[in-house]
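Novice: Can you read through this structure? Questions will come right after.
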2 protein chains.
Amino acid sequence: MRVAVVGATGAVGREMARILSERRFPVDAFVPLASSRSVGRSVSFAGEDHVVGELSLDALRGVDLALVSAGASVARSFVREAAEAGTTCIDNSSAFRMEPDVPLAIPEVNPEALSGSPRIVAIPNCTTITAMLAVAPLHRAAGCRSLVLSSYQSVSGAGWKGTRELAEQIEKLHGDVESLGHPDVDALPAGEVFGKTIAFNVVAKIGEFEPDGFTSEESKMMAEPRKILSAPDLDVVATSVRVPVVVGHSVSILATFERPITASEARAVLSLAPGVELSDDPAAGVYPSPLEAAGRDVAIVGRIRQVPGHDDALLLFSCADNLRMGAALNAVQIAEHLFLR
Amino acid sequence: MRVAVVGATGAVGREMARILSERRFPVDAFVPLASSRSVGRSVSFAGEDHVVGELSLDALRGVDLALVSAGASVARSFVREAAEAGTTCIDNSSAFRMEPDVPLAIPEVNPEALSGSPRIVAIPNCTTITAMLAVAPLHRAAGCRSLVLSSYQSVSGAGWKGTRELAEQIEKLHGDVESLGHPDVDALPAGEVFGKTIAFNVVAKIGEFEPDGFTSEESKMMAEPRKILSAPDLDVVATSVRVPVVVGHSVSILATFERPITASEARAVLSLAPGVELSDDPAAGVYPSPLEAAGRDVAIVGRIRQVPGHDDALLLFSCADNLRMGAALNAVQIAEHLFLR
């Protein structure tokens with residue numbers, strides 16, 4: 001099989017190459033592609049360096065599978081045509097997620113969406129995936145009615161430039177953290193990627209503001225679960241917040257259900273759920289954190305508790321590696337479903 | 001007036017001294033007290049250094065007002081007796097907050113709780129204050145029915161030792177942040193204050209776990225709003241999370257009301273609310289962050305939006321300096337109410 005990674009030099013693209021190799025996906029030819037800016041750089045795959053070529057429909061000719069993490073506008077510019085020309089495209093952007101003819105798939109959650117050999121498959125937003133891995137098994141058990149989500153999202157969600165901006169700001173500020181109690185706000189590093197200083201701060205804006213006051217990230221987190229769970233009436237509200245974590249998104253979740261469900265039933269369900277590691281033993285001090293989820297191929301779920309006075313409502317906290325679990329691993333697992341089953 | 005600060009060398013104690021001086025509270029004698037460990041250290045007040053004495057009932061004899069930030073067990077050991085002996089005690093711990101005979105007061109929110117010259121007044125939890133400054137004006141306008149709170153709490157909420165632990169961990173890790181994408185979890189700095197690494201991480205446990213799975217911090221955030229708002233039936237759920245911010249707590253809030261309320265009505269109400277700075281102009285990219293609230297004497301509130309399909313529900317994001325707005329300023333403002341009106 002000829003396999004392309006589009007956006008090969010990006011944070012998710014490099015994880016895609018790494019995971020293809022780790023999982024021994026049957027790659028006969030590895031084709032790393034990117035924008036003209038990155039052409040000529042090299043990307044490691046299966047222990048060998050590969051020179052990055054420029055993305056074009058020509059470059060994709062004869063490619064069986066393209067894992068695409070190049071942003072929505074780039075994806076819109078070539079994915080439909082490439083798919084018509086015979087390349088199966090698994091796209092990490094928001095471009096096609098809500099298109100009725102494109103499956104929005106998390107293999108552990110809704111593998112049925114992958115039936116019928118679709119030529120384009122969309123990967124959900126990384127925070128949506130972090131929440132859905134925890135919620136979907138409970139939805140199947142007890143029928144989810146509503147979700148309230150507040151996120152704690154890492155800087156690598158904005159790519160290398162996000163990680164670099166945090167690192168640079170930390171370099172400037174770490175020598176005198178006590179001064180941050182009375183900061184000179186105008187002297188703080190402004191932040192080109194995140195809008196505000198992200199070091200020693202949290203930034204409650206991810207993506208762009210929309211007319212209703214939600215951000216584009218929040219809109220994704222509110223729309224995508226309905227499609228993934230085939231639950232058009234599911235009520236979802238989200239607040240998306242960037243935090244100074246390098247890798248690993250976390251979500252605080254309040255979920256209500258159609259029938260009573262206890263924390264211990266939820267633990268039993270989640271202990272058997274694919275892609276989930278249950279980490280929930282308060283008496284022993286066991287609960288999840290994003291740094292423990294980084295580099296791992298599971299969502300770590302814990303802090304499960306029943307809402308006092310509401311036997312149909314649970315709180316949970318879910319953490320997952322946004323580059324792997326929330327993107328690259330999901331893409332490779334979709335490819336495994338489509339090509340290896 | 002003889003004014004003591006108990007816990008004078010702590011992070012909140014130093015802010016209490018600073019704010020007494022800034023606001024020219026009529027202090028004739030300043031009496032800084034602490035545990036035996038800190039005796040002999042010096043604390044600055046009104047431009048002069050004062051030597052810290054050891055806390056005892058003897059040391060409080062003749063003191064008119066004690067601002068106390070020394071933890072719950074220390075407070076329990078002396079506050080009732082000191083109050084009976086004539087010292088008005090304003091206590092920042094959880095020891096007396098839910099006692100029926102002790103007011104739990106935020107002067108901007110429920111000054112009526114301070115009538116009758118109480119000898120003991122409790123200051124709410126710092127995250128509760130951050131949430132209440134935003135919610136109380138809306139509650140008065142439209143009757144709050146329920147709150148879902150997820151917090152983003154700074155390390156200074158755990159005192160100097162919290163700030164020090166973050167700073168030390170940042171020193172160890174900042175040179176190679178990219179390695180945090182695949183961390184060796186066993187080699188990470190363990191964290192004596194926060195239980196887990198707090199640098200480049202978030203820690204979803206503040207305080208101790210209780211049998212129902214909530215933490216003690218979450219229980220405070222769920223119980224205190226009912227007393228502060230005199231709303232015994234208010235439904236509150238909370239998830240408390242520590243983030244690597246030095247000063248400034250943030251809360252993501254979903255509030256439902258007894259009648260429809262729009263985001264613009266909420267903005268109009270909050271633009272007039274005492275102790276609140278409205279920072280909510282999405283079109284201009286204006287929204288709050290904790291670093292901008294540090295050192296400020298307001299809660300900064302923004303990200304106000306109506307929940308789609310629910311005309312009685314709003315989302316908000318509130319940030320406040322946990323040491324000042326969430327503790328020391330609140331204490332001094334209570335003292336002003338009791339002694340200067």
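Residues in the structure tokens are named by chain (A, B, ... in the order shown) and by number from 1 within that chain; ligands are numbered from 1 in the order shown.
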Can you tell me which residues surround segment 322-329 of chain A at a distance of at most 9 Å, considering only C-alpha atoms, apart from same-chain residues fewer than 5 positions away, and format the answer as a PyMOL selection string?
Specialist: (chain A and resi 11-20+67+69+92+123-130+153-154+156-157+247-249+275+294-299+334) or (chain B and resi 181)
Novice: Write out, as a PDB file, in the first residue's frame, the residues just selected, with C-alpha atoms.
Specialist:
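New file out39.pdb:
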```pdb
ATOM      1  CA  ALA A  11       2.805  17.748  15.523  1.00  0.00           C
ATOM      2  CA  VAL A  12      -0.016  15.364  14.574  1.00  0.00           C
ATOM      3  CA  GLY A  13       1.629  14.355  11.272  1.00  0.00           C
ATOM      4  CA  ARG A  14       4.753  13.141  13.041  1.00  0.00           C
ATOM      5  CA  GLU A  15       2.622  11.101  15.451  1.00  0.00           C
ATOM      6  CA  MET A  16       0.768   9.620  12.459  1.00  0.00           C
ATOM      7  CA  ALA A  17       4.062   8.393  10.969  1.00  0.00           C
ATOM      8  CA  ARG A  18       5.199   7.105  14.344  1.00  0.00           C
ATOM      9  CA  ILE A  19       1.966   5.206  14.982  1.00  0.00           C
ATOM     10  CA  LEU A  20       1.812   3.700  11.458  1.00  0.00           C
ATOM     11  CA  LEU A  67      -3.837  10.527   6.622  1.00  0.00           C
ATOM     12  CA  SER A  69      -3.684  16.788   9.256  1.00  0.00           C
ATOM     13  CA  ASN A  92      -8.196  15.455  11.012  1.00  0.00           C
ATOM     14  CA  ILE A 123     -11.671  12.481  12.723  1.00  0.00           C
ATOM     15  CA  PRO A 124     -13.521  14.330  15.488  1.00  0.00           C
ATOM     16  CA  ASN A 125     -12.016  17.252  17.350  1.00  0.00           C
ATOM     17  CA  CYS A 126      -9.405  16.082  19.857  1.00  0.00           C
ATOM     18  CA  THR A 127     -11.395  17.308  22.879  1.00  0.00           C
ATOM     19  CA  THR A 128     -14.562  15.693  21.540  1.00  0.00           C
ATOM     20  CA  ILE A 129     -12.670  12.382  21.343  1.00  0.00           C
ATOM     21  CA  THR A 130     -11.413  12.789  24.929  1.00  0.00           C
ATOM     22  CA  GLN A 153      -6.557  21.827  26.571  1.00  0.00           C
ATOM     23  CA  SER A 154      -2.834  21.589  25.986  1.00  0.00           C
ATOM     24  CA  SER A 156       0.219  21.202  21.366  1.00  0.00           C
ATOM     25  CA  GLY A 157      -3.388  21.348  20.166  1.00  0.00           C
ATOM     26  CA  VAL A 247       0.448  17.411  25.605  1.00  0.00           C
ATOM     27  CA  GLY A 248      -2.819  16.011  26.960  1.00  0.00           C
ATOM     28  CA  HIS A 249      -6.331  17.421  26.902  1.00  0.00           C
ATOM     29  CA  GLY A 275      -9.686   2.789  24.582  1.00  0.00           C
ATOM     30  CA  ALA A 294       0.641  11.894  27.242  1.00  0.00           C
ATOM     31  CA  GLY A 295       2.184   9.257  24.977  1.00  0.00           C
ATOM     32  CA  ARG A 296      -0.507   6.737  25.981  1.00  0.00           C
ATOM     33  CA  ASP A 297      -3.060   5.072  23.721  1.00  0.00           C
ATOM     34  CA  VAL A 298      -6.016   5.341  26.099  1.00  0.00           C
ATOM     35  CA  ALA A 299      -8.220   8.000  27.570  1.00  0.00           C
ATOM     36  CA  ILE A 334      -9.766   4.040  11.150  1.00  0.00           C
TER      37      ILE A 334
ATOM     38  CA  GLY B 181       4.834  14.469  24.854  1.00  0.00           C
TER      39      GLY B 181
END
```
Novice: Pull out every residue of chain A sitting within 8 Å of chain B, counting only C-alpha atoms, and send them as a VMD selection string.
Specialist: chain A and resid 150 152 163 167 170 to 171 174 177 to 178 180 to 183 185 199 to 204 209 211 to 214 237 239 243 to 247 252 282 to 283 285 287 to 292 294 to 296 303 to 307 317
Novice: How far is it from atom CA of Phe339 of chain A to atom CA of Met221 of chain A, in Å with one decimal?
Specialist: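 Taking atom CA of Phe339 of chain A and atom CA of Met221 of chain A, their separation equals 28.7 Å.
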Novice: Which one of B:Ala113, B:Ile206, B:Ala59, B:Val6 sits closest to Ala34 of chain B if you count only C-alpha atoms?
Specialist: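 Looking at the shortest contact to Ala34 of chain B, the residue is B:Val6.
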Novice: Using only C-alpha atoms, determine which residues lie at most 8 Å from Leu234 of chain B, disregarding the query and same-chain residues fewer than 3 positions distant; provide the list as a PyMOL selection string.
Specialist: chain B and resi 144-147+225-226+231
Novice: Using the selection just defined, write its residues with C-alpha atoms as an mmCIF file, in the first residue's frame.
Specialist:
```cif
data_model
loop_
_atom_site.group_PDB
_atom_site.id
_atom_site.type_symbol
_atom_site.label_atom_id
_atom_site.label_comp_id
_atom_site.auth_asym_id
_atom_site.auth_seq_id
_atom_site.Cartn_x
_atom_site.Cartn_y
_atom_site.Cartn_z
ATOM 1 C CA CYS B 144 -30.631 31.131 40.310
ATOM 2 C CA ARG B 145 -31.836 27.509 40.285
ATOM 3 C CA SER B 146 -28.653 25.565 39.611
ATOM 4 C CA LEU B 147 -24.914 25.931 39.100
ATOM 5 C CA PRO B 225 -23.278 29.281 47.717
ATOM 6 C CA ARG B 226 -26.536 28.118 49.327
ATOM 7 C CA ALA B 231 -30.946 29.745 48.650
#
```
Novice: Just list as a PyMOL selection string whatever in segment 38-133 of chain A DSSP marks as helix (DSSP H, G or I).
Specialist: chain A and resi 38+72-84+111-114+126-133
Novice: Those residues you just picked out, can you put them in a file as a short mmCIF file (atom, residue, chain, number, x, y, z; two decimals), in the first residue's frame with C-alpha atoms?
Specialist:
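Output (out.cif):
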```
data_model
loop_
_atom_site.label_atom_id
_atom_site.label_comp_id
_atom_site.auth_asym_id
_atom_site.auth_seq_id
_atom_site.Cartn_x
_atom_site.Cartn_y
_atom_site.Cartn_z
CA SER A 38 8.12 22.39 4.49
CA ALA A 72 -9.61 22.78 7.22
CA SER A 73 -8.89 25.07 4.28
CA VAL A 74 -6.10 22.89 2.90
CA ALA A 75 -8.30 19.80 3.35
CA ARG A 76 -11.15 21.50 1.49
CA SER A 77 -8.78 22.27 -1.38
CA PHE A 78 -7.98 18.65 -2.27
CA VAL A 79 -9.73 15.93 -0.23
CA ARG A 80 -12.92 15.55 -2.35
CA GLU A 81 -10.93 15.37 -5.58
CA ALA A 82 -8.31 13.02 -4.17
CA ALA A 83 -11.05 10.73 -2.89
CA GLU A 84 -12.74 10.71 -6.30
CA PRO A 111 -17.09 1.63 14.23
CA GLU A 112 -20.45 1.08 12.48
CA ALA A 113 -19.94 4.51 10.87
CA LEU A 114 -17.10 2.97 8.86
CA CYS A 126 -9.40 16.08 19.86
CA THR A 127 -11.39 17.31 22.88
CA THR A 128 -14.56 15.69 21.54
CA ILE A 129 -12.67 12.38 21.34
CA THR A 130 -11.41 12.79 24.93
CA ALA A 131 -14.99 13.29 26.13
CA MET A 132 -16.61 10.67 23.88
CA LEU A 133 -14.32 7.81 24.92
#
```
Novice: From the set A:Gln169, A:Ser230, A:Thr256, A:Ser117, which residue has the shortest atom-to-atom contact distance to Glu336 of chain A, counting only C-alpha atoms?
Specialist: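 Nearest candidate to Glu336 of chain A out of A:Gln169, A:Ser230, A:Thr256, A:Ser117: A:Ser117.
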Novice: Just the residues within 6 Å of Ala66 of chain A, please, counting only C-alpha atoms, with nothing from its chain fewer than 5 positions along; format it as a PyMOL selection string.
Specialist: chain A and resi 3-5+89
Novice: Would you list the contacts of Gly40 of chain A as a list of chain:residue names, taking every protein, DNA or RNA residue within 12 Å and counting only C-alpha atoms, but skipping same-chain residues closer than 2 positions in sequence?
Specialist: A:Ala8, A:Thr9, A:Pro32, A:Leu33, A:Ala34, A:Ser35, A:Ser36, A:Arg37, A:Ser38, A:Ser42, A:Val43, A:Asp49, A:His50, A:Val51, A:Val52, A:Gly53, A:Glu54
Novice: From a DSSP calculation on the backbone, collect every residue of segment 225-317 of chain A in strand (DSSP E or B) and output the set as a compact mmCIF listing (two decimals) with N, CA, C and O atoms, in the first residue's frame.
Specialist:
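Produced file part.txt, reproduced below:
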```
# COMPACT_ATOMS: atom_id res chain seq x y z
N ASP A 235 -28.27 17.25 24.34
CA ASP A 235 -28.05 18.65 24.73
C ASP A 235 -26.59 18.77 25.18
O ASP A 235 -26.18 18.12 26.14
N VAL A 236 -25.80 19.57 24.49
CA VAL A 236 -24.38 19.71 24.86
C VAL A 236 -24.03 21.18 24.98
O VAL A 236 -24.33 21.96 24.06
N VAL A 237 -23.40 21.57 26.08
CA VAL A 237 -22.78 22.90 26.16
C VAL A 237 -21.32 22.72 26.52
O VAL A 237 -20.95 21.79 27.26
N ALA A 238 -20.48 23.61 25.99
CA ALA A 238 -19.04 23.46 26.19
C ALA A 238 -18.38 24.80 26.45
O ALA A 238 -18.79 25.82 25.90
N THR A 239 -17.38 24.76 27.31
CA THR A 239 -16.46 25.88 27.50
C THR A 239 -15.06 25.34 27.26
O THR A 239 -14.65 24.39 27.93
N ARG A 242 -7.68 26.89 27.15
CA ARG A 242 -6.29 26.46 26.95
C ARG A 242 -5.55 26.59 28.27
O ARG A 242 -5.71 27.58 28.99
N HIS A 249 -5.13 16.63 26.65
CA HIS A 249 -6.33 17.42 26.90
C HIS A 249 -7.13 16.75 28.02
O HIS A 249 -7.16 15.52 28.12
N SER A 250 -7.79 17.56 28.83
CA SER A 250 -8.67 17.05 29.88
C SER A 250 -10.05 17.68 29.72
O SER A 250 -10.17 18.79 29.22
N VAL A 251 -11.07 16.93 30.15
CA VAL A 251 -12.43 17.46 30.10
C VAL A 251 -13.14 17.11 31.40
O VAL A 251 -13.14 15.96 31.84
N SER A 252 -13.71 18.14 32.02
CA SER A 252 -14.62 17.98 33.15
C SER A 252 -16.02 17.81 32.57
O SER A 252 -16.47 18.65 31.78
N ILE A 253 -16.68 16.71 32.94
CA ILE A 253 -17.94 16.31 32.28
C ILE A 253 -19.05 16.16 33.32
O ILE A 253 -18.87 15.48 34.32
N LEU A 254 -20.18 16.80 33.06
CA LEU A 254 -21.42 16.47 33.77
C LEU A 254 -22.34 15.83 32.75
O LEU A 254 -22.65 16.44 31.72
N ALA A 255 -22.77 14.59 33.01
CA ALA A 255 -23.63 13.88 32.07
C ALA A 255 -24.92 13.47 32.77
O ALA A 255 -24.87 12.98 33.90
N THR A 256 -26.06 13.70 32.11
CA THR A 256 -27.32 13.18 32.64
C THR A 256 -27.83 12.09 31.70
O THR A 256 -27.55 12.10 30.50
N PHE A 257 -28.58 11.16 32.29
CA PHE A 257 -28.98 9.95 31.56
C PHE A 257 -30.49 9.73 31.62
O PHE A 257 -31.19 10.36 32.42
N VAL A 276 -10.26 2.95 26.95
CA VAL A 276 -10.39 3.64 28.23
C VAL A 276 -9.55 2.94 29.27
O VAL A 276 -9.55 1.71 29.36
N GLU A 277 -8.81 3.72 30.06
CA GLU A 277 -8.18 3.19 31.26
C GLU A 277 -8.87 3.84 32.45
O GLU A 277 -8.82 5.05 32.62
N LEU A 278 -9.53 3.01 33.25
CA LEU A 278 -10.20 3.54 34.43
C LEU A 278 -9.15 3.87 35.49
O LEU A 278 -8.30 3.03 35.82
N ASP A 281 -9.84 5.60 42.01
CA ASP A 281 -9.90 5.01 43.33
C ASP A 281 -9.57 6.12 44.33
O ASP A 281 -8.43 6.24 44.80
N VAL A 286 -6.22 7.75 43.61
CA VAL A 286 -6.01 7.46 42.18
C VAL A 286 -7.03 8.21 41.33
O VAL A 286 -8.24 8.06 41.51
N ALA A 299 -7.74 6.88 26.76
CA ALA A 299 -8.22 8.00 27.57
C ALA A 299 -8.24 7.51 29.01
O ALA A 299 -8.72 6.40 29.29
N ILE A 300 -7.68 8.30 29.92
CA ILE A 300 -7.69 7.93 31.33
C ILE A 300 -8.89 8.64 31.97
O ILE A 300 -9.01 9.87 31.88
N VAL A 301 -9.78 7.85 32.58
CA VAL A 301 -11.05 8.39 33.08
C VAL A 301 -11.18 8.12 34.57
O VAL A 301 -10.90 7.01 35.03
N GLY A 302 -11.57 9.13 35.32
CA GLY A 302 -11.78 8.98 36.75
C GLY A 302 -12.63 10.09 37.32
O GLY A 302 -13.37 10.74 36.59
N ARG A 303 -12.48 10.32 38.63
CA ARG A 303 -13.30 11.32 39.34
C ARG A 303 -14.80 11.09 39.09
O ARG A 303 -15.58 12.04 39.00
N ILE A 304 -15.19 9.81 38.98
CA ILE A 304 -16.60 9.51 38.70
C ILE A 304 -17.38 9.65 40.00
O ILE A 304 -17.04 9.03 41.01
N ARG A 305 -18.43 10.47 39.99
CA ARG A 305 -19.24 10.62 41.19
C ARG A 305 -20.66 10.99 40.81
O ARG A 305 -20.90 11.62 39.80
N GLN A 306 -21.57 10.52 41.65
CA GLN A 306 -22.98 10.79 41.43
C GLN A 306 -23.28 12.19 41.92
O GLN A 306 -22.76 12.64 42.95
N VAL A 307 -24.12 12.90 41.17
CA VAL A 307 -24.53 14.24 41.59
C VAL A 307 -25.52 14.10 42.74
O VAL A 307 -26.53 13.41 42.60
N HIS A 310 -29.46 13.63 42.46
CA HIS A 310 -29.82 13.34 41.06
C HIS A 310 -29.28 11.96 40.70
O HIS A 310 -28.11 11.82 40.35
N ASP A 311 -30.12 10.94 40.80
CA ASP A 311 -29.61 9.59 40.57
C ASP A 311 -29.37 9.30 39.09
O ASP A 311 -28.87 8.23 38.75
N ASP A 312 -29.70 10.27 38.23
CA ASP A 312 -29.47 10.08 36.79
C ASP A 312 -28.33 10.95 36.27
O ASP A 312 -28.22 11.15 35.06
N ALA A 313 -27.48 11.46 37.17
CA ALA A 313 -26.43 12.39 36.73
C ALA A 313 -25.09 12.02 37.33
O ALA A 313 -24.99 11.71 38.51
N LEU A 314 -24.07 12.05 36.49
CA LEU A 314 -22.71 11.72 36.92
C LEU A 314 -21.73 12.82 36.51
O LEU A 314 -21.91 13.48 35.49
N LEU A 315 -20.70 12.98 37.32
CA LEU A 315 -19.56 13.81 36.96
C LEU A 315 -18.39 12.89 36.64
O LEU A 315 -18.23 11.83 37.27
N LEU A 316 -17.56 13.29 35.66
CA LEU A 316 -16.37 12.52 35.30
C LEU A 316 -15.26 13.47 34.88
O LEU A 316 -15.53 14.63 34.53
N PHE A 317 -14.04 12.96 34.84
CA PHE A 317 -12.89 13.72 34.36
C PHE A 317 -12.11 12.79 33.44
O PHE A 317 -11.72 11.69 33.85
```
Novice: Quick one: residues within 9 Å of Arg61 of chain A, only C-alpha atoms, excluding same-chain residues fewer than 6 positions away - as a VMD selection string?
Specialist: chain A and resid 82 85 to 87
Novice: Could you tell me how far atom CA of Glu218 of chain B lies from atom CA of Asp91 of chain B, in Å and to one decimal?
Specialist: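 Straight-line distance from atom CA of Glu218 of chain B to atom CA of Asp91 of chain B works out to 19.5 Å.
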Novice: Fewer than 6 positions away in the same chain doesn't count, so skip those; otherwise give me all residues within 8 Å of Val193 of chain B, counting only C-alpha atoms, as a PDB file with N, CA, C and O atoms, in the first residue's frame.
Specialist:
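Generated output (out00.pdb):
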```pdb
ATOM      1  N   ALA B 158      -2.594  27.129  47.664  1.00  0.00           N
ATOM      2  CA  ALA B 158      -1.958  26.248  48.652  1.00  0.00           C
ATOM      3  C   ALA B 158      -0.840  26.979  49.395  1.00  0.00           C
ATOM      4  O   ALA B 158      -0.008  26.336  50.045  1.00  0.00           O
ATOM      5  N   LYS B 161       4.148  27.477  49.789  1.00  0.00           N
ATOM      6  CA  LYS B 161       4.722  26.178  49.434  1.00  0.00           C
ATOM      7  C   LYS B 161       4.194  25.691  48.087  1.00  0.00           C
ATOM      8  O   LYS B 161       4.891  24.994  47.357  1.00  0.00           O
ATOM      9  N   GLY B 162       2.982  26.094  47.747  1.00  0.00           N
ATOM     10  CA  GLY B 162       2.426  25.746  46.447  1.00  0.00           C
ATOM     11  C   GLY B 162       3.148  26.469  45.327  1.00  0.00           C
ATOM     12  O   GLY B 162       3.527  25.868  44.313  1.00  0.00           O
ATOM     13  N   GLU B 165       6.599  24.982  44.967  1.00  0.00           N
ATOM     14  CA  GLU B 165       6.632  23.676  44.292  1.00  0.00           C
ATOM     15  C   GLU B 165       6.479  23.827  42.772  1.00  0.00           C
ATOM     16  O   GLU B 165       7.194  23.166  42.000  1.00  0.00           O
TER      17      GLU B 165
END
```
Novice: So which one's closest to Gly10 of chain A, A:Pro137, A:Glu108, A:Arg97, A:Gly159? Using only C-alpha atoms, please.
Specialist: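 Selected residue with least distance to Gly10 of chain A: A:Gly159.
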Novice: What is the atom CA of Ala70 of chain A-atom CA of Ser318 of chain A distance in Å, reported with one decimal?
Specialist: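 Result for atom CA of Ala70 of chain A versus atom CA of Ser318 of chain A: 26.3 Å, one decimal.
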Novice: Can you work out which one of B:Val39, B:Ala134, B:Asp101, B:Gly207 has the shortest atom-to-atom distance to Ser271 of chain B, counting only C-alpha atoms?
Specialist: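 Closest candidate: B:Ala134.
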